[in-house]
>>> print(open('target_25.txt').read())   # compact mmCIF, N, CA and C atoms and all ligand atoms
# COMPACT_ATOMS: atom_id res chain seq x y z
N MET A 1 -23.27 185.14 -27.14
CA MET A 1 -24.60 185.72 -27.34
C MET A 1 -25.66 184.80 -26.75
N THR A 2 -26.62 185.38 -26.08
CA THR A 2 -27.70 184.60 -25.46
C THR A 2 -28.65 184.12 -26.55
N PRO A 3 -28.96 182.81 -26.57
CA PRO A 3 -29.92 182.29 -27.56
C PRO A 3 -31.30 182.93 -27.40
N GLU A 4 -32.09 182.87 -28.45
CA GLU A 4 -33.46 183.38 -28.42
C GLU A 4 -34.34 182.49 -27.54
N PRO A 5 -35.37 183.07 -26.89
CA PRO A 5 -36.33 182.23 -26.15
C PRO A 5 -37.03 181.24 -27.09
N ILE A 6 -37.46 180.14 -26.51
CA ILE A 6 -38.22 179.13 -27.25
C ILE A 6 -39.60 179.02 -26.62
N MET A 7 -40.61 179.11 -27.46
CA MET A 7 -41.99 178.94 -27.01
C MET A 7 -42.62 177.97 -27.99
N THR A 8 -42.96 176.76 -27.52
CA THR A 8 -43.43 175.75 -28.46
C THR A 8 -44.36 174.76 -27.78
N GLY A 9 -45.01 173.98 -28.60
CA GLY A 9 -45.87 172.93 -28.08
C GLY A 9 -45.06 171.71 -27.68
N LEU A 10 -45.63 170.92 -26.77
CA LEU A 10 -45.00 169.67 -26.36
C LEU A 10 -45.46 168.55 -27.29
N ALA A 11 -44.60 167.56 -27.50
CA ALA A 11 -44.90 166.46 -28.42
C ALA A 11 -45.57 165.30 -27.69
N LYS A 12 -46.80 164.97 -28.11
CA LYS A 12 -47.55 163.88 -27.47
C LYS A 12 -46.75 162.58 -27.47
N GLY A 13 -46.74 161.92 -26.32
CA GLY A 13 -46.07 160.63 -26.20
C GLY A 13 -44.61 160.70 -25.80
N GLU A 14 -44.02 161.91 -25.84
CA GLU A 14 -42.60 162.06 -25.47
C GLU A 14 -42.46 162.20 -23.95
N ASP A 15 -41.25 161.95 -23.48
CA ASP A 15 -40.92 162.16 -22.07
C ASP A 15 -40.68 163.65 -21.84
N LEU A 16 -41.33 164.24 -20.85
CA LEU A 16 -41.32 165.69 -20.66
C LEU A 16 -39.91 166.25 -20.43
N VAL A 17 -39.18 165.72 -19.45
CA VAL A 17 -37.86 166.28 -19.14
C VAL A 17 -36.89 166.04 -20.31
N ALA A 18 -36.95 164.87 -20.92
CA ALA A 18 -36.08 164.57 -22.06
C ALA A 18 -36.39 165.49 -23.24
N PHE A 19 -37.67 165.79 -23.46
CA PHE A 19 -38.07 166.67 -24.56
C PHE A 19 -37.50 168.08 -24.36
N ILE A 20 -37.63 168.60 -23.15
CA ILE A 20 -37.12 169.95 -22.87
C ILE A 20 -35.58 169.97 -22.94
N THR A 21 -34.96 168.92 -22.40
CA THR A 21 -33.49 168.83 -22.48
C THR A 21 -33.04 168.81 -23.94
N GLY A 22 -33.75 168.07 -24.78
CA GLY A 22 -33.41 168.00 -26.20
C GLY A 22 -33.51 169.36 -26.89
N LEU A 23 -34.53 170.13 -26.52
CA LEU A 23 -34.67 171.49 -27.08
C LEU A 23 -33.47 172.35 -26.68
N CYS A 24 -33.03 172.21 -25.42
CA CYS A 24 -31.90 173.00 -24.94
C CYS A 24 -30.61 172.61 -25.65
N VAL A 25 -30.37 171.33 -25.80
CA VAL A 25 -29.15 170.86 -26.47
C VAL A 25 -29.15 171.34 -27.93
N ALA A 26 -30.28 171.18 -28.60
CA ALA A 26 -30.37 171.55 -30.03
C ALA A 26 -30.19 173.04 -30.25
N ASN A 27 -30.48 173.85 -29.24
CA ASN A 27 -30.42 175.30 -29.39
C ASN A 27 -29.31 175.94 -28.55
N ASN A 28 -28.37 175.12 -28.09
CA ASN A 28 -27.21 175.61 -27.31
C ASN A 28 -27.62 176.44 -26.10
N ILE A 29 -28.66 176.01 -25.41
CA ILE A 29 -29.12 176.70 -24.20
C ILE A 29 -28.55 175.97 -22.98
N THR A 30 -27.78 176.69 -22.18
CA THR A 30 -27.14 176.09 -21.00
C THR A 30 -27.54 176.80 -19.70
N LYS A 31 -28.24 177.91 -19.83
CA LYS A 31 -28.67 178.67 -18.66
C LYS A 31 -30.00 179.33 -19.00
N ALA A 32 -31.06 178.93 -18.31
CA ALA A 32 -32.39 179.42 -18.68
C ALA A 32 -33.39 179.20 -17.57
N SER A 33 -34.50 179.92 -17.70
CA SER A 33 -35.69 179.71 -16.88
C SER A 33 -36.69 178.93 -17.73
N VAL A 34 -37.46 178.02 -17.10
CA VAL A 34 -38.40 177.16 -17.84
C VAL A 34 -39.78 177.24 -17.18
N GLN A 35 -40.80 177.25 -18.02
CA GLN A 35 -42.18 177.16 -17.55
C GLN A 35 -42.94 176.21 -18.45
N VAL A 36 -43.78 175.37 -17.85
CA VAL A 36 -44.59 174.42 -18.63
C VAL A 36 -46.02 174.43 -18.09
N ILE A 37 -46.99 174.36 -18.99
CA ILE A 37 -48.36 174.03 -18.63
C ILE A 37 -48.84 172.99 -19.61
N GLY A 38 -49.84 172.19 -19.24
CA GLY A 38 -50.34 171.18 -20.15
C GLY A 38 -50.93 170.00 -19.42
N ALA A 39 -50.74 168.82 -20.00
CA ALA A 39 -51.29 167.61 -19.41
C ALA A 39 -50.38 166.43 -19.71
N LEU A 40 -50.39 165.47 -18.79
CA LEU A 40 -49.59 164.26 -18.93
C LEU A 40 -50.51 163.04 -19.01
N GLU A 41 -50.06 162.04 -19.76
CA GLU A 41 -50.80 160.77 -19.80
C GLU A 41 -50.57 159.99 -18.51
N ARG A 42 -49.35 160.14 -17.97
CA ARG A 42 -49.02 159.59 -16.67
C ARG A 42 -47.88 160.43 -16.10
N ALA A 43 -47.70 160.40 -14.80
CA ALA A 43 -46.73 161.30 -14.18
C ALA A 43 -45.80 160.54 -13.24
N ARG A 44 -44.58 161.07 -13.12
CA ARG A 44 -43.58 160.55 -12.19
C ARG A 44 -42.89 161.75 -11.53
N VAL A 45 -42.98 161.81 -10.22
CA VAL A 45 -42.26 162.84 -9.48
C VAL A 45 -41.49 162.15 -8.36
N SER A 46 -40.59 162.88 -7.76
CA SER A 46 -39.91 162.35 -6.59
C SER A 46 -39.89 163.42 -5.51
N VAL A 47 -39.74 162.96 -4.29
CA VAL A 47 -39.55 163.87 -3.15
C VAL A 47 -38.25 163.45 -2.47
N TYR A 48 -37.55 164.42 -1.92
CA TYR A 48 -36.25 164.16 -1.30
C TYR A 48 -36.43 163.99 0.20
N LEU A 49 -36.08 162.82 0.70
CA LEU A 49 -36.12 162.57 2.13
C LEU A 49 -34.86 163.16 2.73
N GLN A 50 -35.00 164.30 3.40
CA GLN A 50 -33.83 165.06 3.86
C GLN A 50 -33.01 164.28 4.87
N ASP A 51 -33.67 163.53 5.76
CA ASP A 51 -32.91 162.80 6.78
C ASP A 51 -32.17 161.60 6.20
N LYS A 52 -32.74 160.96 5.18
CA LYS A 52 -32.09 159.80 4.56
C LYS A 52 -31.23 160.17 3.36
N ARG A 53 -31.37 161.41 2.91
CA ARG A 53 -30.63 161.89 1.74
C ARG A 53 -30.88 161.01 0.52
N GLU A 54 -32.15 160.73 0.28
CA GLU A 54 -32.48 159.96 -0.93
C GLU A 54 -33.84 160.39 -1.46
N TYR A 55 -33.98 160.23 -2.78
CA TYR A 55 -35.25 160.52 -3.43
C TYR A 55 -36.15 159.29 -3.40
N VAL A 56 -37.45 159.52 -3.21
CA VAL A 56 -38.44 158.47 -3.33
C VAL A 56 -39.36 158.86 -4.47
N GLU A 57 -39.58 157.92 -5.41
CA GLU A 57 -40.42 158.23 -6.56
C GLU A 57 -41.89 157.97 -6.26
N ILE A 58 -42.74 158.85 -6.78
CA ILE A 58 -44.19 158.68 -6.68
C ILE A 58 -44.73 158.57 -8.11
N ALA A 59 -45.53 157.51 -8.36
CA ALA A 59 -46.06 157.26 -9.71
C ALA A 59 -47.56 157.57 -9.72
N TYR A 60 -47.98 158.28 -10.74
CA TYR A 60 -49.40 158.53 -10.98
C TYR A 60 -49.72 157.95 -12.36
N ASP A 61 -50.28 156.74 -12.39
CA ASP A 61 -50.57 156.10 -13.67
C ASP A 61 -51.97 156.47 -14.15
N GLN A 62 -52.15 157.75 -14.37
CA GLN A 62 -53.44 158.29 -14.79
C GLN A 62 -53.18 159.66 -15.41
N PRO A 63 -54.14 160.16 -16.19
CA PRO A 63 -53.97 161.51 -16.75
C PRO A 63 -53.90 162.55 -15.64
N MET A 64 -52.99 163.50 -15.80
CA MET A 64 -52.82 164.58 -14.82
C MET A 64 -52.63 165.90 -15.58
N GLU A 65 -53.24 166.95 -15.06
CA GLU A 65 -52.99 168.28 -15.59
C GLU A 65 -51.67 168.81 -15.02
N ILE A 66 -50.91 169.51 -15.85
CA ILE A 66 -49.75 170.24 -15.32
C ILE A 66 -50.26 171.63 -14.97
N LEU A 67 -50.51 171.85 -13.69
CA LEU A 67 -51.06 173.14 -13.24
C LEU A 67 -49.98 174.21 -13.30
N ALA A 68 -48.76 173.82 -12.91
CA ALA A 68 -47.62 174.73 -12.96
C ALA A 68 -46.36 173.89 -12.95
N ALA A 69 -45.37 174.33 -13.69
CA ALA A 69 -44.09 173.61 -13.73
C ALA A 69 -42.97 174.61 -13.94
N PRO A 70 -42.45 175.15 -12.82
CA PRO A 70 -41.30 176.05 -12.94
C PRO A 70 -40.01 175.24 -12.94
N GLY A 71 -39.02 175.76 -13.64
CA GLY A 71 -37.75 175.04 -13.69
C GLY A 71 -36.60 175.90 -14.14
N SER A 72 -35.45 175.25 -14.22
CA SER A 72 -34.24 175.94 -14.64
C SER A 72 -33.41 175.01 -15.52
N VAL A 73 -32.50 175.64 -16.26
CA VAL A 73 -31.49 174.91 -17.03
C VAL A 73 -30.14 175.42 -16.57
N SER A 74 -29.25 174.50 -16.21
CA SER A 74 -27.88 174.86 -15.86
C SER A 74 -26.99 173.71 -16.34
N LEU A 75 -25.73 173.72 -15.95
CA LEU A 75 -24.80 172.69 -16.41
C LEU A 75 -24.47 171.73 -15.28
N LYS A 76 -24.42 170.44 -15.62
CA LYS A 76 -23.93 169.43 -14.69
C LYS A 76 -23.06 168.48 -15.51
N ASP A 77 -21.85 168.29 -15.07
CA ASP A 77 -20.90 167.45 -15.81
C ASP A 77 -20.77 167.92 -17.26
N GLY A 78 -20.83 169.23 -17.45
CA GLY A 78 -20.63 169.81 -18.78
C GLY A 78 -21.83 169.74 -19.71
N LYS A 79 -22.95 169.21 -19.23
CA LYS A 79 -24.14 169.08 -20.09
C LYS A 79 -25.32 169.83 -19.49
N PRO A 80 -26.24 170.33 -20.34
CA PRO A 80 -27.42 171.00 -19.82
C PRO A 80 -28.28 170.03 -19.01
N ILE A 81 -28.70 170.49 -17.84
CA ILE A 81 -29.61 169.67 -17.02
C ILE A 81 -30.84 170.52 -16.72
N VAL A 82 -32.00 169.91 -16.96
CA VAL A 82 -33.28 170.59 -16.71
C VAL A 82 -33.76 170.17 -15.32
N HIS A 83 -33.94 171.14 -14.45
CA HIS A 83 -34.49 170.90 -13.10
C HIS A 83 -35.89 171.46 -13.10
N LEU A 84 -36.87 170.56 -13.01
CA LEU A 84 -38.26 170.96 -13.17
C LEU A 84 -39.09 170.40 -12.01
N HIS A 85 -39.94 171.23 -11.46
CA HIS A 85 -40.91 170.76 -10.47
C HIS A 85 -42.29 170.79 -11.08
N LEU A 86 -43.15 169.86 -10.63
CA LEU A 86 -44.48 169.74 -11.20
C LEU A 86 -45.54 169.92 -10.12
N CYS A 87 -46.47 170.82 -10.37
CA CYS A 87 -47.69 170.87 -9.57
C CYS A 87 -48.76 170.28 -10.48
N LEU A 88 -49.29 169.11 -10.10
CA LEU A 88 -50.19 168.33 -10.95
C LEU A 88 -51.59 168.33 -10.37
N GLY A 89 -52.58 168.28 -11.25
CA GLY A 89 -53.96 168.17 -10.81
C GLY A 89 -54.60 166.90 -11.36
N ASP A 90 -55.33 166.17 -10.52
CA ASP A 90 -56.02 164.98 -11.02
C ASP A 90 -57.37 165.39 -11.62
N MET A 91 -58.19 164.42 -12.03
CA MET A 91 -59.42 164.73 -12.74
C MET A 91 -60.51 165.29 -11.83
N GLN A 92 -60.24 165.32 -10.53
CA GLN A 92 -61.15 166.00 -9.60
C GLN A 92 -60.58 167.35 -9.15
N GLY A 93 -59.44 167.72 -9.72
CA GLY A 93 -58.85 169.01 -9.40
C GLY A 93 -57.98 169.02 -8.16
N ARG A 94 -57.74 167.84 -7.58
CA ARG A 94 -56.85 167.78 -6.43
C ARG A 94 -55.41 167.94 -6.90
N ALA A 95 -54.58 168.59 -6.09
CA ALA A 95 -53.22 168.89 -6.51
C ALA A 95 -52.20 167.99 -5.80
N TYR A 96 -51.19 167.64 -6.57
CA TYR A 96 -50.06 166.83 -6.10
C TYR A 96 -48.81 167.44 -6.69
N GLY A 97 -47.66 166.97 -6.26
CA GLY A 97 -46.48 167.50 -6.91
C GLY A 97 -45.19 166.95 -6.40
N GLY A 98 -44.12 167.43 -7.03
CA GLY A 98 -42.77 167.03 -6.65
C GLY A 98 -41.78 167.37 -7.74
N HIS A 99 -40.62 166.77 -7.61
CA HIS A 99 -39.51 166.96 -8.54
C HIS A 99 -39.76 166.06 -9.77
N ALA A 100 -39.76 166.64 -10.96
CA ALA A 100 -40.03 165.85 -12.17
C ALA A 100 -38.86 164.92 -12.47
N THR A 101 -39.19 163.63 -12.64
CA THR A 101 -38.17 162.64 -13.01
C THR A 101 -38.43 162.19 -14.45
N ALA A 102 -37.71 161.18 -14.89
CA ALA A 102 -38.02 160.56 -16.19
C ALA A 102 -39.35 159.83 -16.06
N GLY A 103 -40.09 159.74 -17.16
CA GLY A 103 -41.32 158.96 -17.17
C GLY A 103 -42.59 159.77 -17.14
N ASN A 104 -42.47 161.10 -17.29
CA ASN A 104 -43.66 161.93 -17.43
C ASN A 104 -44.02 161.97 -18.91
N ILE A 105 -45.09 161.27 -19.27
CA ILE A 105 -45.44 161.13 -20.69
C ILE A 105 -46.43 162.23 -21.08
N ILE A 106 -46.02 163.01 -22.07
CA ILE A 106 -46.78 164.20 -22.50
C ILE A 106 -48.07 163.79 -23.20
N PHE A 107 -49.17 164.46 -22.82
CA PHE A 107 -50.41 164.39 -23.60
C PHE A 107 -50.47 165.62 -24.52
N ALA A 108 -50.30 166.79 -23.95
CA ALA A 108 -50.29 168.04 -24.71
C ALA A 108 -49.75 169.13 -23.80
N GLY A 109 -49.33 170.23 -24.40
CA GLY A 109 -48.92 171.34 -23.54
C GLY A 109 -48.03 172.33 -24.23
N GLU A 110 -47.52 173.24 -23.43
CA GLU A 110 -46.71 174.35 -23.93
C GLU A 110 -45.51 174.54 -23.03
N VAL A 111 -44.37 174.86 -23.63
CA VAL A 111 -43.18 175.15 -22.85
C VAL A 111 -42.59 176.49 -23.30
N LEU A 112 -42.13 177.24 -22.32
CA LEU A 112 -41.42 178.49 -22.57
C LEU A 112 -40.05 178.36 -21.92
N ILE A 113 -39.00 178.46 -22.74
CA ILE A 113 -37.63 178.41 -22.25
C ILE A 113 -37.02 179.79 -22.49
N THR A 114 -36.63 180.45 -21.42
CA THR A 114 -36.08 181.80 -21.52
C THR A 114 -34.59 181.78 -21.17
N PRO A 115 -33.72 181.78 -22.19
CA PRO A 115 -32.27 181.78 -21.92
C PRO A 115 -31.85 183.04 -21.18
N LEU A 116 -30.86 182.88 -20.31
CA LEU A 116 -30.36 184.00 -19.51
C LEU A 116 -28.90 184.27 -19.84
N PRO A 117 -28.51 185.54 -19.86
CA PRO A 117 -27.12 185.88 -20.19
C PRO A 117 -26.19 185.67 -19.00
N GLY A 118 -24.91 185.81 -19.26
CA GLY A 118 -23.93 185.76 -18.17
C GLY A 118 -23.21 184.43 -18.09
N ALA A 119 -22.38 184.33 -17.07
CA ALA A 119 -21.54 183.15 -16.90
C ALA A 119 -22.38 181.90 -16.71
N PRO A 120 -21.87 180.73 -17.13
CA PRO A 120 -22.61 179.48 -16.94
C PRO A 120 -22.87 179.21 -15.47
N LEU A 121 -23.97 178.55 -15.21
CA LEU A 121 -24.34 178.15 -13.85
C LEU A 121 -24.08 176.65 -13.77
N VAL A 122 -23.26 176.23 -12.79
CA VAL A 122 -22.80 174.84 -12.74
C VAL A 122 -23.29 174.16 -11.47
N ARG A 123 -23.76 172.92 -11.62
CA ARG A 123 -24.17 172.12 -10.46
C ARG A 123 -23.00 171.26 -10.00
N GLY A 124 -22.83 171.23 -8.66
CA GLY A 124 -21.80 170.38 -8.08
C GLY A 124 -22.33 169.80 -6.78
N TYR A 125 -21.70 168.75 -6.30
CA TYR A 125 -22.16 168.07 -5.10
C TYR A 125 -22.08 169.00 -3.89
N ASP A 126 -23.16 169.07 -3.12
CA ASP A 126 -23.24 169.90 -1.93
C ASP A 126 -23.22 169.00 -0.69
N GLU A 127 -22.16 169.12 0.08
CA GLU A 127 -21.98 168.26 1.28
C GLU A 127 -23.12 168.43 2.29
N ALA A 128 -23.60 169.65 2.46
CA ALA A 128 -24.58 169.93 3.51
C ALA A 128 -25.92 169.26 3.26
N THR A 129 -26.27 169.03 1.99
CA THR A 129 -27.57 168.46 1.66
C THR A 129 -27.51 167.12 0.94
N GLY A 130 -26.36 166.82 0.33
CA GLY A 130 -26.24 165.61 -0.49
C GLY A 130 -26.82 165.78 -1.88
N LEU A 131 -27.11 167.01 -2.26
CA LEU A 131 -27.75 167.28 -3.56
C LEU A 131 -26.77 167.95 -4.53
N PRO A 132 -27.04 167.82 -5.84
CA PRO A 132 -26.25 168.53 -6.85
C PRO A 132 -26.77 169.96 -7.01
N LEU A 133 -26.24 170.87 -6.23
CA LEU A 133 -26.75 172.25 -6.21
C LEU A 133 -25.84 173.18 -7.01
N TRP A 134 -26.33 174.38 -7.24
CA TRP A 134 -25.53 175.39 -7.94
C TRP A 134 -24.34 175.77 -7.07
N THR A 135 -23.20 175.92 -7.70
CA THR A 135 -22.00 176.35 -7.03
C THR A 135 -22.23 177.76 -6.49
N LYS A 136 -21.94 177.96 -5.21
CA LYS A 136 -22.15 179.28 -4.61
C LYS A 136 -21.12 180.28 -5.15
N ILE A 137 -21.59 181.49 -5.37
CA ILE A 137 -20.72 182.54 -5.88
C ILE A 137 -19.92 183.12 -4.73
ZN ZN B 201 -36.06 169.37 -7.57
>>> encode(input="target_25.txt", output="structure tokens")
Amino acid sequence: MTPEPIMTGLAKGEDLVAFITGLCVANNITKASVQVIGALERARVSVYLQDKREYVEIAYDQPMEILAAPGSVSLKDGKPIVHLHLCLGDMQGRAYGGHATAGNIIFAGEVLITPLPGAPLVRGYDEATGLPLWTKI
């Protein structure tokens, strides 16, 4: 049976990706769509250098708005993994973004996790990109 959707506030001071992952683990959610809006005390994103096949982290040690944060929940190594991207706004309204890593400290916000029915979605190593992508059907 597909778990019920979760719509809740974010906990100030917590790590964003870890907080959402914890909600998924606690509620047996392994396949879902995720949306977040809110604000961070500081932000950490990464971008993938396609030619070097490595992520580079970008740090924003300042308050940032979460303008949009779409994501997914699937399985990697048998555990739920939250894949979240962040479109962030600074205090002048300029936008930045990337792949959400550890270290995004929540100021306030809202998350909606919508579980999806059907077979589990599993991440595995993809030779063509060097990334842990969904297994092709
Ligand atoms: Zn990503």
>>> closest_residue(input="target_25.txt", among="A:Val82, A:Trp134, A:Tyr55, A:Asp126", to="Ala18 (chain A)", atoms="only C-alpha atoms")
A:Val82
>>> residues_around(input="target_25.txt", residues="Asn28 (chain A)", least_positions_apart="2", cutoff="10 Å", atoms="only C-alpha atoms", output="list in words")
Thr2, Pro3, Gly22, Leu23, Cys24, Val25, Ala26, Thr30, Lys31, Pro80 and Pro115 of chain A
>>> closest_residue(input="target_25.txt", among="A:Ala128, A:Ile58, A:Ala100, A:Ile6", to="Ile113 (chain A)", atoms="only N, CA and C atoms")
A:Ile6
>>> closest_residue(input="target_25.txt", among="A:Pro5, A:Pro132, A:Gly93, A:Gly118", to="ligand ZN 201 (chain B)", atoms="only C-alpha atoms and all ligand atoms")
A:Pro132
>>> residues_near_point(input="target_25.txt", point="(-51.7, 153.5, -16.3)", cutoff="7 Å", atoms="all atoms listed in the file", output="ChimeraX atom specification")
/A:41-42,60-62
>>> write_last_selection(input="target_25.txt", atoms="N, CA and C atoms", output="PDB file, in the frame of the given file")
ATOM      1  N   GLU A  41     -50.060 162.040 -19.760  1.00  0.00           N
ATOM      2  CA  GLU A  41     -50.800 160.770 -19.800  1.00  0.00           C
ATOM      3  C   GLU A  41     -50.570 159.990 -18.510  1.00  0.00           C
ATOM      4  N   ARG A  42     -49.350 160.140 -17.970  1.00  0.00           N
ATOM      5  CA  ARG A  42     -49.020 159.590 -16.670  1.00  0.00           C
ATOM      6  C   ARG A  42     -47.880 160.430 -16.100  1.00  0.00           C
ATOM      7  N   TYR A  60     -47.980 158.280 -10.740  1.00  0.00           N
ATOM      8  CA  TYR A  60     -49.400 158.530 -10.980  1.00  0.00           C
ATOM      9  C   TYR A  60     -49.720 157.950 -12.360  1.00  0.00           C
ATOM     10  N   ASP A  61     -50.280 156.740 -12.390  1.00  0.00           N
ATOM     11  CA  ASP A  61     -50.570 156.100 -13.670  1.00  0.00           C
ATOM     12  C   ASP A  61     -51.970 156.470 -14.150  1.00  0.00           C
ATOM     13  N   GLN A  62     -52.150 157.750 -14.370  1.00  0.00           N
ATOM     14  CA  GLN A  62     -53.440 158.290 -14.790  1.00  0.00           C
ATOM     15  C   GLN A  62     -53.180 159.660 -15.410  1.00  0.00           C
TER      16      GLN A  62
END
>>> residues_near_point(input="target_25.txt", point="(-48.7, 171.2, -22.2)", cutoff="8 Å", atoms="only C-alpha atoms", output="list in words")
Gly9, Leu10, Val36, Ile37, Gly38, Ala39, Leu40, Ile66, Ile106, Phe107, Ala108, Gly109, Glu110 and Val111 of chain A
>>> residues_near_ligand(input="target_25.txt", ligand="ligand ZN 201 (chain B)", cutoff="7 Å", atoms="only C-alpha atoms and all ligand atoms", output="PDB file with N, CA and C atoms, in the frame of the given file")
ATOM      1  N   HIS A  83     -33.940 171.140 -14.450  1.00  0.00           N
ATOM      2  CA  HIS A  83     -34.490 170.900 -13.100  1.00  0.00           C
ATOM      3  C   HIS A  83     -35.890 171.460 -13.100  1.00  0.00           C
ATOM      4  N   LEU A  84     -36.870 170.560 -13.010  1.00  0.00           N
ATOM      5  CA  LEU A  84     -38.260 170.960 -13.170  1.00  0.00           C
ATOM      6  C   LEU A  84     -39.090 170.400 -12.010  1.00  0.00           C
ATOM      7  N   HIS A  85     -39.940 171.230 -11.460  1.00  0.00           N
ATOM      8  CA  HIS A  85     -40.910 170.760 -10.470  1.00  0.00           C
ATOM      9  C   HIS A  85     -42.290 170.790 -11.080  1.00  0.00           C
ATOM     10  N   HIS A  99     -40.620 166.770  -7.610  1.00  0.00           N
ATOM     11  CA  HIS A  99     -39.510 166.960  -8.540  1.00  0.00           C
ATOM     12  C   HIS A  99     -39.760 166.060  -9.770  1.00  0.00           C
TER      13      HIS A  99
END
>>> atom_distance(input="target_25.txt", atom1="CA of Leu86 (chain A)", atom2="CA of Ser33 (chain A)")
14.5 Å
>>> atom_distance(input="target_25.txt", atom1="atom C of Thr101 (chain A)", atom2="atom N of Ala68 (chain A)")
15.6 Å
>>> closest_residue(input="target_25.txt", among="A:Gly13, A:Pro117, A:Pro70, A:Pro63", to="Cys87 (chain A)", atoms="all atoms listed in the file")
A:Pro70
>>> atom_distance(input="target_25.txt", atom1="atom N of Leu16 (chain A)", atom2="CA of Met91 (chain A)")
19.8 Å
>>> residues_around(input="target_25.txt", residues="Asp77 (chain A)", least_positions_apart="4", cutoff="8 Å", atoms="only N, CA and C atoms", output="PyMOL selection string")
chain A and resi 81+122-124
>>> closest_residue(input="target_25.txt", among="A:Ala11, A:Leu133, A:Leu121, A:Gly98", to="Leu49 (chain A)", atoms="only C-alpha atoms")
A:Gly98
>>> axis_aligned_box(input="target_25.txt", around="region 50-67 of chain A", padding_each_side="4 Å", output="lines of an AutoDock Vina configuration file")
center_x = -42.4
center_y = 165.2
center_z = -5.0
size_x = 31.5
size_y = 26.1
size_z = 31.5
>>> select_by_dssp(input="target_25.txt", residues="chain A", states="strand (DSSP E)", output="ChimeraX atom specification")
/A:6-9,32-49,54-60,64-76,79-89,95-100,105-115,123-126,131-134
>>> decode(input="target_25.txt", residues="region 89-101 of chain A", atoms="N, CA, C and O atoms", output="JSON list (two decimals), in the first residue's frame")
[["chain", "number", "residue", "atom", "x", "y", "z"],
["A", 89, "GLY", "N", 17.38, 32.09, -3.79],
["A", 89, "GLY", "CA", 17.42, 33.53, -4.02],
["A", 89, "GLY", "C", 18.17, 34.22, -2.89],
["A", 89, "GLY", "O", 17.95, 33.90, -1.71],
["A", 90, "ASP", "N", 19.06, 35.16, -3.22],
["A", 90, "ASP", "CA", 19.74, 35.91, -2.17],
["A", 90, "ASP", "C", 18.86, 37.09, -1.73],
["A", 90, "ASP", "O", 17.72, 37.23, -2.19],
["A", 91, "MET", "N", 19.37, 37.95, -0.85],
["A", 91, "MET", "CA", 18.56, 39.01, -0.27],
["A", 91, "MET", "C", 18.28, 40.15, -1.25],
["A", 91, "MET", "O", 17.52, 41.06, -0.96],
["A", 92, "GLN", "N", 18.90, 40.08, -2.43],
["A", 92, "GLN", "CA", 18.56, 41.03, -3.50],
["A", 92, "GLN", "C", 17.68, 40.37, -4.57],
["A", 92, "GLN", "O", 17.39, 40.96, -5.61],
["A", 93, "GLY", "N", 17.31, 39.12, -4.34],
["A", 93, "GLY", "CA", 16.43, 38.43, -5.27],
["A", 93, "GLY", "C", 17.14, 37.77, -6.44],
["A", 93, "GLY", "O", 16.50, 37.26, -7.35],
["A", 94, "ARG", "N", 18.48, 37.77, -6.40],
["A", 94, "ARG", "CA", 19.21, 37.07, -7.46],
["A", 94, "ARG", "C", 19.12, 35.57, -7.23],
["A", 94, "ARG", "O", 19.17, 35.11, -6.09],
["A", 95, "ALA", "N", 19.07, 34.81, -8.31],
["A", 95, "ALA", "CA", 18.87, 33.36, -8.19],
["A", 95, "ALA", "C", 20.16, 32.59, -8.47],
["A", 95, "ALA", "O", 20.97, 32.98, -9.32],
["A", 96, "TYR", "N", 20.31, 31.52, -7.70],
["A", 96, "TYR", "CA", 21.44, 30.59, -7.83],
["A", 96, "TYR", "C", 20.86, 29.20, -7.69],
["A", 96, "TYR", "O", 19.71, 29.02, -7.30],
["A", 97, "GLY", "N", 21.68, 28.20, -7.94],
["A", 97, "GLY", "CA", 21.13, 26.88, -7.70],
["A", 97, "GLY", "C", 22.08, 25.75, -7.99],
["A", 97, "GLY", "O", 23.22, 25.96, -8.41],
["A", 98, "GLY", "N", 21.57, 24.55, -7.75],
["A", 98, "GLY", "CA", 22.34, 23.33, -8.00],
["A", 98, "GLY", "C", 21.73, 22.15, -7.28],
["A", 98, "GLY", "O", 20.59, 22.21, -6.81],
["A", 99, "HIS", "N", 22.53, 21.11, -7.19],
["A", 99, "HIS", "CA", 22.14, 19.86, -6.56],
["A", 99, "HIS", "C", 22.33, 20.03, -5.04],
["A", 99, "HIS", "O", 23.41, 20.42, -4.59],
["A", 100, "ALA", "N", 21.29, 19.77, -4.26],
["A", 100, "ALA", "CA", 21.38, 19.95, -2.80],
["A", 100, "ALA", "C", 22.28, 18.88, -2.19],
["A", 100, "ALA", "O", 22.08, 17.69, -2.41],
["A", 101, "THR", "N", 23.26, 19.34, -1.41],
["A", 101, "THR", "CA", 24.14, 18.41, -0.70],
["A", 101, "THR", "C", 23.84, 18.50, 0.80],
["A", 101, "THR", "O", 22.92, 19.21, 1.20]]
